[in-house]
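S.K.: Take this structure first; my questions come after.
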Amino acid sequence: MGTITQSPPRKSKKREVLEKAVIRFCGDSGDGIQVTGNQFTNTVALYGNDLATFPDYPAEIRAPKGTLPGVSGFQVHFGSTEIYTPGDAVDALVAMNPAALKMNLTELKKNGILIVNVDNFGAGDLKKAQMASNPLEDHTLDAYRVFPVELMKLTSAALKELGLDAKSVDRCKNFFALGMCYWLYNRPMESTFRWIEDKFKAKPQLIEANKLAMKAGYAYCEATEAFQVSYEIPPAKLAPGLYRNISGNTALALGFVAASQQAGIPLFLGSYPITPASDVLHELSMYKDFGVVTFQAEDEIAAVTSAIGASYAGSLGITTTSGPGMALKTEALGLAVAVELPLVICDIQRGGPSTGLPTKTEQADLLQALYGRNSEAPIPVLAASSPGDCFWVALEASRIALKYMVPVIVLSDGYLANGAEPWRVPQPSELPSIPVHFTTDARGFMPYSRDPKTLARPWAIPGTPGLEHRIGGIEKQDVTGNINYEPLNHEKMCRLRAAKVEAVAQEIPEVVPAGDPSGELLIVGWGSTYGPITAAMKLKRAKGHKIGHVHLRYLNPLPKNLGEVLKRYKKILVPEMNMGQLVMVLRAKYLVDAQGYDKIQGKPFGTSEMAAKIKEVLQ
Amino acid sequence: MSTETLPVYTKKDFQTDQEVRWCPGCGDYAILSAVQSVFPELGIPKEKFVIVSGIGCSSRFPYYMNTYGFHSIHGRAPAVATGVKIAHPELEVWVATGDGDSLSIGGNHTIHMLRRNVGIKVLMFNNRIYGLTKGQYSPTSEIGKKSKSTPFGSADRPFYPLSLALGADATFVARSVDVFQPHLKATVKRAAAHKGSSFIEIMQNCNIFNDGAWESLTEKEVREDHIIAIEHGKPLIFGKNKDKGIRMNGLELEVVQLGNGIAEKDLIVHDEKNHNPAYAFLLSRMDSTPGFPTPIGVLRAVDAPRYEDRIAEQIREVTAKRGKGDLAKLLRQGDTWEVK
Ligand SMILES: Cc1ncc(C[n+]2csc(CCOP(=O)(O)OP(=O)(O)O)c2C)c(N)n1
Ligand code: SF4
Ligand SMILES: [Mg+2]
């Protein structure tokens, strides 16, 4: 467990206490922006702030240096009160070059702090950023508190004694900038020291160099006249418990390990790398000591079908992907529906269609998840609402898949996958029990007989004597599972498969709206819009409006009382990062006049735009 | 299972009560019968067999075998089977597939399964046609093939399935024929005994859509001259009078007439264990040259580590090193802080 170390004593500079702050680091994708952002996040998390992050990086691994498409960003919103979103407007911006400045300046608050690496503002750098004149000289920045810093020169001076080559020195400049931010927000450097020590274990010289750069950055703010004020953001009052910082993809991976442990069967992941889902594969590939098998298949079709094969043989088969991969898995999902085996499919959504915006977020695969298969092939669909929630959704999806013998789709998105928040680590006793039963009794065994309550068929795994049987995608006779093409049998089987999915609704909790239980407006959301909706609703309710918020975790089947809840409000607003998919389902299913609020820019909703929309609807 | 004695099985134990729905006269019957005869002789408990298939006439195979069976989707049997085998390495996993199923839509899975050397045995029913969809040409149809979808003849070159398998570095590659029952049974038995991936191309007659596709090889009068049954350690000799042989001539194979100074010792002695796949590759496509016979039998059988064993080994090694995973510890790994 990390202990909080006090910052070094200060000279007589001013310290202001704030409730919250938004900081954004931006620079070239080669500048170590993501590392810097993650370190800052970790440090404020350890300090006890609530937080939300928004890493935003280009699809190109290393776009040409200094150009606009190569700009990578990382935003952290942290505070002493509850934080729901990564924040709309930025209080402090750290820009490593002109391109980064150009791409991010509009989001900096007026009078906001702007730390600029002036060593990168030569004529060539300005040209690459397509800037006609130097913003440091042409009054573009008059509205901000600008701190021009010779980041390269200062880093180089700090590391002089080490005799490193120029390239290695350059690579340390982000830690100089991080050191400055630690001073600015009064944060200890210890956890980043520990990270550096671990990361460069094999290269002691780089440990020394990065630490020195960071300390130099800290000392620079302390010593120079430029920085007169620093900020203090006290810890947040979170529910008691042990916390860690977690991203959605890590949470998802841990959720599946937990599910496999709770079920007492091995986890099998079949996957093919794709942004932003690959990290789940990377993460799970580390957990061999939990018996986890990760199979990097030749394509997404093999990824899902191998998982189906593993489930057939008694594992918890799962597969992880994003939209394009989801499209490839479609036919196999129908097979999973037909053979009635447990399977969890995770779609970490990104911008589309086709390759679309590989590194940006979107929620436009909902209808694909709900309906994107040939014929009648209903599948339960769950969506996570925050990075930490991914853990619980992975567990719940696995539980449903194993209990009902069905494939289950989990929807996450790029924003949840890479974004992070403080997560209360659950006690093992808080995890659901997931009983699994393999049939072994050969007497009267029928592969398509059903449990009367769940309609699940028996799970008889190969290797069990006396239960040899055949399954497949061809329509099968009720109970016996033999090939059968009779019209009435087919209708019966279609209805049985649908009824089984509907049966899940019997145990999912009824929705209880947050905010007002009835009134002027109900906001219905799903997935990663949870944060901005919650934050915006809070603002508007504070003004006296009667607003409720339902955030759907179960998108199929829908909670039993949803129709009744929808009728308690005068208006219904459905914000989505797509062109109106859930709203279409709600209108069709409940015949209500719900209206959509769509954003398809590869970016999450901001709190203020959400609040503005609510205001507009309330008028 | 070790303390119990294995039940004595007969062919009947591997038959199901399902009505077989192949066309009368289809070569698939002969393959089914051969496999049903071989399985009881393998000394393996019946419940350990899993037969996975794709889609096609040939892929109906699992329904007629009284074992565990999975009729999956078109082309994906090797991938489904790979999942089964990794999850449960002690199972005997077989794949029944067609030329379209395994080489067209499922070509990718076939080569990757073979490349990984997953311990799966593939029975590839090659009738050089799409049977189930009623007679379109397939990736093994000869160039110029007139079929429902190519009324003026096909324009694309066929695969040599064994060359393809060898190109993927398959560790067991063999060929047999539906109507050569003893040979087919012996070949299936050999595949069963192989530890890694086994790939058998079975030349099969579709008497409805491609009747006589293999006639020039299987007709009694010509068979001895057009087929060479290769055996490990034996010279490559063929012909009605056993008077023709195959020898190396530089990097090429050459058909020679025995006698006139050419003796058995000049011929290639078949070595299925040759680690260089180039040798088996030469055999696999020698019949592309006129005058050469088509080889049947085991072209290649070499030992190599199985994929599923390596996976299991890694899990054992990491677990031995770290100890069995502790969930509570995993959940709180990394930097944490306590809120009181
Ligand atoms: C995704 C998909 N595409 C097409 C088909 C139609 N289809 C079924 S079997 C088949 C070809 C089968 O040929 P082959 O594998 O040679 O098997 P055979 O019937 O000859 O034994 C096709 C194209 C299908 N079932 N699924
Ligand atoms: S169509 Fe051809 S391959 Fe299919 S069952 Fe009939 S004869 Fe056999
Ligand atoms: Mg065929």
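We name chains A, B, ... following the order of the structure tokens; residues begin at 1 in each chain, and ligands are numbered from 1 as shown.
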Please, which residues of chain B lie no more than 6 Å from chain A when the count uses only C-alpha atoms, and can they be set out as a ChimeraX atom specification?

M.R.: /B:47-48,67-72,79-80,82-84,87,315,318-319,324-325,335-340

S.K.: Just write the chosen residues, N, CA, C and O atoms, as a compact mmCIF listing (two decimals), in the first residue's frame.

M.R.:
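Result written to result-v9.txt:
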# COMPACT_ATOMS: atom_id res chain seq x y z
N GLU B 47 -15.91 -41.97 -25.08
CA GLU B 47 -16.30 -40.61 -24.70
C GLU B 47 -15.19 -39.58 -24.93
O GLU B 47 -15.40 -38.39 -24.80
N LYS B 48 -14.01 -40.07 -25.26
CA LYS B 48 -12.89 -39.12 -25.49
C LYS B 48 -12.90 -38.57 -26.91
O LYS B 48 -12.16 -37.64 -27.21
N THR B 67 -20.19 -40.50 -31.10
CA THR B 67 -19.18 -39.91 -30.22
C THR B 67 -19.68 -38.51 -29.90
O THR B 67 -20.78 -38.15 -30.32
N TYR B 68 -18.89 -37.71 -29.20
CA TYR B 68 -19.24 -36.30 -29.09
C TYR B 68 -19.05 -35.68 -30.47
O TYR B 68 -18.08 -36.01 -31.18
N GLY B 69 -19.96 -34.82 -30.87
CA GLY B 69 -19.88 -34.26 -32.21
C GLY B 69 -20.36 -32.82 -32.25
O GLY B 69 -21.27 -32.44 -31.51
N PHE B 70 -19.72 -32.03 -33.08
CA PHE B 70 -20.08 -30.61 -33.18
C PHE B 70 -20.07 -30.21 -34.65
O PHE B 70 -19.03 -30.14 -35.28
N HIS B 71 -21.26 -30.01 -35.19
CA HIS B 71 -21.44 -29.57 -36.58
C HIS B 71 -21.46 -28.05 -36.52
O HIS B 71 -22.45 -27.46 -36.11
N SER B 72 -20.37 -27.41 -36.89
CA SER B 72 -20.28 -25.96 -36.62
C SER B 72 -20.72 -25.14 -37.83
O SER B 72 -21.78 -25.41 -38.40
N ALA B 79 -10.96 -24.09 -36.16
CA ALA B 79 -10.89 -23.12 -35.06
C ALA B 79 -11.69 -23.61 -33.85
O ALA B 79 -11.23 -23.54 -32.71
N VAL B 80 -12.89 -24.14 -34.11
CA VAL B 80 -13.68 -24.69 -33.00
C VAL B 80 -12.88 -25.82 -32.34
O VAL B 80 -12.74 -25.89 -31.11
N THR B 82 -9.73 -26.32 -32.32
CA THR B 82 -8.55 -25.81 -31.59
C THR B 82 -8.96 -25.39 -30.18
O THR B 82 -8.26 -25.69 -29.20
N GLY B 83 -10.11 -24.72 -30.07
CA GLY B 83 -10.60 -24.33 -28.74
C GLY B 83 -10.86 -25.55 -27.87
O GLY B 83 -10.50 -25.58 -26.69
N VAL B 84 -11.47 -26.57 -28.45
CA VAL B 84 -11.77 -27.79 -27.70
C VAL B 84 -10.46 -28.42 -27.21
O VAL B 84 -10.31 -28.78 -26.04
N ALA B 87 -8.63 -26.44 -24.50
CA ALA B 87 -9.35 -26.48 -23.23
C ALA B 87 -9.24 -27.86 -22.59
O ALA B 87 -9.28 -28.01 -21.37
N ILE B 315 1.38 -22.63 -18.50
CA ILE B 315 0.53 -22.40 -17.33
C ILE B 315 1.14 -23.10 -16.11
O ILE B 315 1.23 -22.52 -15.02
N VAL B 318 4.43 -21.08 -15.02
CA VAL B 318 4.16 -19.80 -14.35
C VAL B 318 3.54 -20.06 -12.98
O VAL B 318 3.88 -19.40 -11.99
N THR B 319 2.65 -21.04 -12.92
CA THR B 319 2.00 -21.33 -11.64
C THR B 319 3.01 -21.86 -10.63
O THR B 319 2.96 -21.51 -9.45
N LYS B 324 -0.24 -20.65 -7.01
CA LYS B 324 -1.57 -20.56 -7.59
C LYS B 324 -2.14 -19.16 -7.37
O LYS B 324 -1.98 -18.60 -6.29
N GLY B 325 -2.75 -18.61 -8.39
CA GLY B 325 -3.24 -17.24 -8.32
C GLY B 325 -4.18 -16.99 -7.15
O GLY B 325 -5.03 -17.82 -6.85
N ASP B 335 -0.52 0.11 -6.93
CA ASP B 335 -0.64 1.13 -5.88
C ASP B 335 -2.06 1.20 -5.37
O ASP B 335 -3.00 1.30 -6.15
N THR B 336 -2.23 1.17 -4.07
CA THR B 336 -3.57 1.29 -3.48
C THR B 336 -3.53 2.30 -2.35
O THR B 336 -2.46 2.65 -1.86
N TRP B 337 -4.68 2.78 -1.93
CA TRP B 337 -4.77 3.66 -0.78
C TRP B 337 -6.06 3.36 -0.04
O TRP B 337 -7.01 2.84 -0.61
N GLU B 338 -6.03 3.68 1.23
CA GLU B 338 -7.14 3.33 2.09
C GLU B 338 -7.96 4.58 2.39
O GLU B 338 -7.40 5.62 2.73
N VAL B 339 -9.27 4.48 2.23
CA VAL B 339 -10.14 5.58 2.65
C VAL B 339 -10.86 5.13 3.91
O VAL B 339 -11.48 4.07 3.92
N LYS B 340 -10.72 5.93 4.98
CA LYS B 340 -11.31 5.51 6.27
C LYS B 340 -12.70 6.10 6.43
O LYS B 340 -13.02 7.12 5.88

S.K.: Could I get the residue neighbourhood of ligand 2 at 12 Å, counting only C-alpha atoms and all ligand atoms, as JSON, numbers by chain?

M.R.: {"B": [20, 21, 22, 23, 24, 25, 26, 27, 28, 29, 30, 31, 32, 55, 56, 57, 58, 59, 60, 61, 97, 98, 99, 100, 125, 126, 127, 128, 129, 130, 131, 132, 133, 134, 135, 136, 178, 203, 204, 205, 206, 207, 208, 209, 210, 211, 212, 213]}

S.K.: DSSP says alpha helix (DSSP H) for which residues of stretch 52-242 of chain A? Put them as an MDAnalysis selection string?

M.R.: chainID A and resid 98:104 123:128 151:158 166:170 173:184 190:199 204:223

S.K.: Using atom CA of B:Arg115 and atom CA of A:Glu300 as the two end points, give the distance in Å to one decimal.

M.R.: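 Going from atom CA of B:Arg115 over to atom CA of A:Glu300, I get 17.7 Å.
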
S.K.: Counting only C-alpha atoms, what is within 10 Å of B:Phe14, bar same-chain residues fewer than 2 positions away, as a list in words?

M.R.: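 Contacts, in chain order: Tyr9, Thr10, Lys11, Lys12, Thr16, Leu32, Ser33, Val35, Gln36, Ser37, Val38, Phe39, Pro40, Lys46, Tyr64, Met65, Asn66 and Thr67 of chain B.
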
S.K.: If we count only C-alpha atoms and set the cut-off at 10 Å, which residues sit around A:His282, ignoring sequence neighbours fewer than 5 positions away in its own chain? Please answer as a list in words.

M.R.: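 Residues meeting the cut-off are Asn249, Thr250, Ala253, Pro273, Ala277, Tyr287 and Thr294 of chain A.
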
S.K.: Which residues are close to B:Phe159, i.e. within 12 Å by only C-alpha atoms, leaving aside same-chain residues fewer than 6 positions away? Reply as a list of chain:residue names.

M.R.: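 The residues that qualify are B:Asp99, B:Gly100, B:Ser102, B:Leu103, B:Ser104, B:Gly107, B:Asn126, B:Arg128, B:Ser138, B:Pro139, B:Thr140, B:Ser141, B:Glu142, B:Ile143, B:Ala165, B:Gly167, B:Ser284, B:Arg285, B:Ser288.
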
S.K.: Generate a file of the selected residues that holds N, CA, C and O atoms, formatted as a short mmCIF file (atom, residue, chain, number, x, y, z; two decimals), in the first residue's frame.

M.R.:
data_model
loop_
_atom_site.label_atom_id
_atom_site.label_comp_id
_atom_site.auth_asym_id
_atom_site.auth_seq_id
_atom_site.Cartn_x
_atom_site.Cartn_y
_atom_site.Cartn_z
N ASP B 99 -13.56 -30.13 -49.40
CA ASP B 99 -12.55 -29.32 -50.10
C ASP B 99 -12.92 -27.84 -50.08
O ASP B 99 -12.04 -26.97 -49.96
N GLY B 100 -14.21 -27.54 -50.16
CA GLY B 100 -14.62 -26.14 -50.08
C GLY B 100 -14.51 -25.64 -48.65
O GLY B 100 -13.98 -24.56 -48.39
N SER B 102 -12.65 -26.63 -46.14
CA SER B 102 -11.31 -26.50 -45.55
C SER B 102 -10.36 -25.65 -46.37
O SER B 102 -9.41 -25.09 -45.83
N LEU B 103 -10.58 -25.58 -47.68
CA LEU B 103 -9.59 -24.89 -48.51
C LEU B 103 -10.09 -23.57 -49.06
O LEU B 103 -9.32 -22.74 -49.52
N SER B 104 -11.41 -23.37 -49.06
CA SER B 104 -11.93 -22.11 -49.56
C SER B 104 -12.26 -21.21 -48.38
O SER B 104 -11.40 -20.48 -47.88
N GLY B 107 -9.86 -21.81 -45.43
CA GLY B 107 -8.43 -21.99 -45.72
C GLY B 107 -7.53 -21.40 -44.64
O GLY B 107 -6.53 -22.00 -44.24
N ASN B 126 -12.22 -34.86 -50.34
CA ASN B 126 -12.02 -34.07 -51.56
C ASN B 126 -12.78 -34.69 -52.73
O ASN B 126 -12.35 -35.67 -53.32
N ARG B 128 -13.72 -32.55 -55.19
CA ARG B 128 -13.42 -31.53 -56.19
C ARG B 128 -14.68 -30.79 -56.66
O ARG B 128 -14.77 -30.35 -57.80
N SER B 138 -14.95 -26.16 -57.13
CA SER B 138 -14.32 -25.91 -55.83
C SER B 138 -12.86 -25.54 -56.03
O SER B 138 -12.34 -25.60 -57.15
N PRO B 139 -12.16 -25.19 -54.94
CA PRO B 139 -10.74 -24.83 -55.10
C PRO B 139 -9.84 -26.02 -55.47
O PRO B 139 -8.64 -25.83 -55.65
N THR B 140 -10.40 -27.22 -55.54
CA THR B 140 -9.57 -28.34 -56.01
C THR B 140 -10.02 -28.80 -57.41
O THR B 140 -9.47 -29.75 -57.95
N SER B 141 -11.04 -28.15 -57.98
CA SER B 141 -11.48 -28.53 -59.33
C SER B 141 -10.38 -28.20 -60.33
O SER B 141 -9.70 -27.18 -60.19
N GLU B 142 -10.25 -29.04 -61.34
CA GLU B 142 -9.22 -28.82 -62.36
C GLU B 142 -9.56 -27.55 -63.15
O GLU B 142 -10.72 -27.18 -63.27
N ILE B 143 -8.54 -26.89 -63.68
CA ILE B 143 -8.77 -25.67 -64.46
C ILE B 143 -9.63 -26.02 -65.67
O ILE B 143 -9.51 -27.10 -66.25
N ALA B 165 -0.92 -28.12 -47.28
CA ALA B 165 -0.70 -28.57 -45.90
C ALA B 165 0.79 -28.55 -45.58
O ALA B 165 1.21 -28.11 -44.51
N GLY B 167 3.03 -26.73 -47.06
CA GLY B 167 3.46 -25.34 -47.01
C GLY B 167 3.19 -24.72 -45.65
O GLY B 167 3.90 -23.81 -45.22
N SER B 284 4.10 -34.36 -53.31
CA SER B 284 2.71 -33.92 -53.25
C SER B 284 2.20 -33.37 -54.57
O SER B 284 1.01 -33.32 -54.81
N ARG B 285 3.13 -32.94 -55.45
CA ARG B 285 2.65 -32.37 -56.71
C ARG B 285 3.31 -32.99 -57.93
O ARG B 285 3.33 -32.39 -59.00
N SER B 288 1.42 -33.39 -61.21
CA SER B 288 1.13 -32.26 -62.09
C SER B 288 1.90 -32.40 -63.40
O SER B 288 1.61 -31.71 -64.38
#

S.K.: Find the residues around B:Lys85 up to 7 Å (only C-alpha atoms counted), leave out those fewer than 6 positions away in its own chain, and share them as an NGL selection string.

M.R.: :B and (91 or 93 or 308)

S.K.: May I have the selected residues written with N, CA and C atoms, as a PDB file, in the first residue's frame?

M.R.:
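File again-v7.pdb, as written:
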ATOM      1  N   LEU B  91      -8.607 -34.959 -24.962  1.00  0.00           N
ATOM      2  CA  LEU B  91      -9.625 -35.440 -25.895  1.00  0.00           C
ATOM      3  C   LEU B  91      -8.990 -35.795 -27.235  1.00  0.00           C
ATOM      4  N   VAL B  93      -9.505 -35.220 -30.780  1.00  0.00           N
ATOM      5  CA  VAL B  93     -10.311 -34.288 -31.570  1.00  0.00           C
ATOM      6  C   VAL B  93     -10.056 -34.509 -33.066  1.00  0.00           C
ATOM      7  N   GLU B 308      -1.094 -27.360 -27.862  1.00  0.00           N
ATOM      8  CA  GLU B 308      -1.825 -27.389 -26.597  1.00  0.00           C
ATOM      9  C   GLU B 308      -0.928 -27.796 -25.437  1.00  0.00           C
TER      10      GLU B 308
END

S.K.: Nearest residue to B:Val269 out of B:Leu299, B:Leu123, B:Leu42, B:Ala174, using only C-alpha atoms?

M.R.: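 So, comparing all the options, the nearest one is B:Leu299.
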
S.K.: Give me, please, the distance in Å between atom CA of A:Val408 and atom CA of A:Arg497, quoted to one decimal.

M.R.: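 Atom-to-atom, atom CA of A:Val408 to atom CA of A:Arg497, that is 13.1 Å.
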
S.K.: Atom CA of B:Val118 and atom CA of B:His275, how far apart in Å?

M.R.: 18.0 Å

S.K.: For A:Gly217, work out the shell of residues within 7 Å, counting only C-alpha atoms and skipping chain neighbours fewer than 5 positions away, then give it as a PyMOL selection string.

M.R.: chain A and resi 176-177+179-180

S.K.: For the selection just defined, write its residues with all heavy atoms to a file, as a JSON list (two decimals), in the first residue's frame.

M.R.:
[["chain", "number", "residue", "atom", "x", "y", "z"],
["A", 176, "PHE", "N", 10.47, 16.30, -16.54],
["A", 176, "PHE", "CA", 10.71, 17.67, -16.06],
["A", 176, "PHE", "C", 9.35, 18.39, -15.95],
["A", 176, "PHE", "O", 9.01, 18.99, -14.93],
["A", 176, "PHE", "CB", 11.64, 18.43, -17.02],
["A", 176, "PHE", "CG", 12.12, 19.75, -16.49],
["A", 176, "PHE", "CD1", 13.39, 19.86, -15.92],
["A", 176, "PHE", "CD2", 11.31, 20.89, -16.57],
["A", 176, "PHE", "CE1", 13.84, 21.09, -15.43],
["A", 176, "PHE", "CE2", 11.75, 22.11, -16.07],
["A", 176, "PHE", "CZ", 13.01, 22.22, -15.50],
["A", 177, "ALA", "N", 8.56, 18.25, -17.02],
["A", 177, "ALA", "CA", 7.23, 18.89, -17.03],
["A", 177, "ALA", "C", 6.34, 18.31, -15.93],
["A", 177, "ALA", "O", 5.60, 19.04, -15.26],
["A", 177, "ALA", "CB", 6.58, 18.69, -18.40],
["A", 179, "GLY", "N", 7.34, 17.06, -13.12],
["A", 179, "GLY", "CA", 7.83, 17.61, -11.84],
["A", 179, "GLY", "C", 7.24, 18.99, -11.59],
["A", 179, "GLY", "O", 6.82, 19.32, -10.47],
["A", 180, "MET", "N", 7.15, 19.80, -12.65],
["A", 180, "MET", "CA", 6.56, 21.13, -12.51],
["A", 180, "MET", "C", 5.09, 21.02, -12.07],
["A", 180, "MET", "O", 4.63, 21.77, -11.20],
["A", 180, "MET", "CB", 6.62, 21.88, -13.85],
["A", 180, "MET", "CG", 8.03, 22.26, -14.27],
["A", 180, "MET", "SD", 8.05, 23.07, -15.89],
["A", 180, "MET", "CE", 7.17, 24.57, -15.52]]

S.K.: Considering only C-alpha atoms and all ligand atoms, can you say which of B:Pro151, B:Gly106, B:Gly323, B:Pro158 comes closest to ligand 1?

M.R.: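 Closest residue, counting only C-alpha atoms and all ligand atoms: B:Gly106.
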
S.K.: Write out as an NGL selection string all residues of stretch 18-267 of chain B that DSSP puts in strand (DSSP E or B) for this structure's backbone.

M.R.: :B and (49-53 or 65 or 68-71 or 92-98 or 120-126 or 129-130 or 136-137 or 147 or 150 or 172-177 or 198-203 or 227-230 or 235 or 237-238 or 244-249 or 252-257 or 259 or 262)

S.K.: Between A:Thr192, A:Asn374, A:Ala364, A:Asp413, which has the minimum distance to ligand 1 (counting only C-alpha atoms and all ligand atoms)?

M.R.: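 Closest residue, counting only C-alpha atoms and all ligand atoms: A:Asn374.
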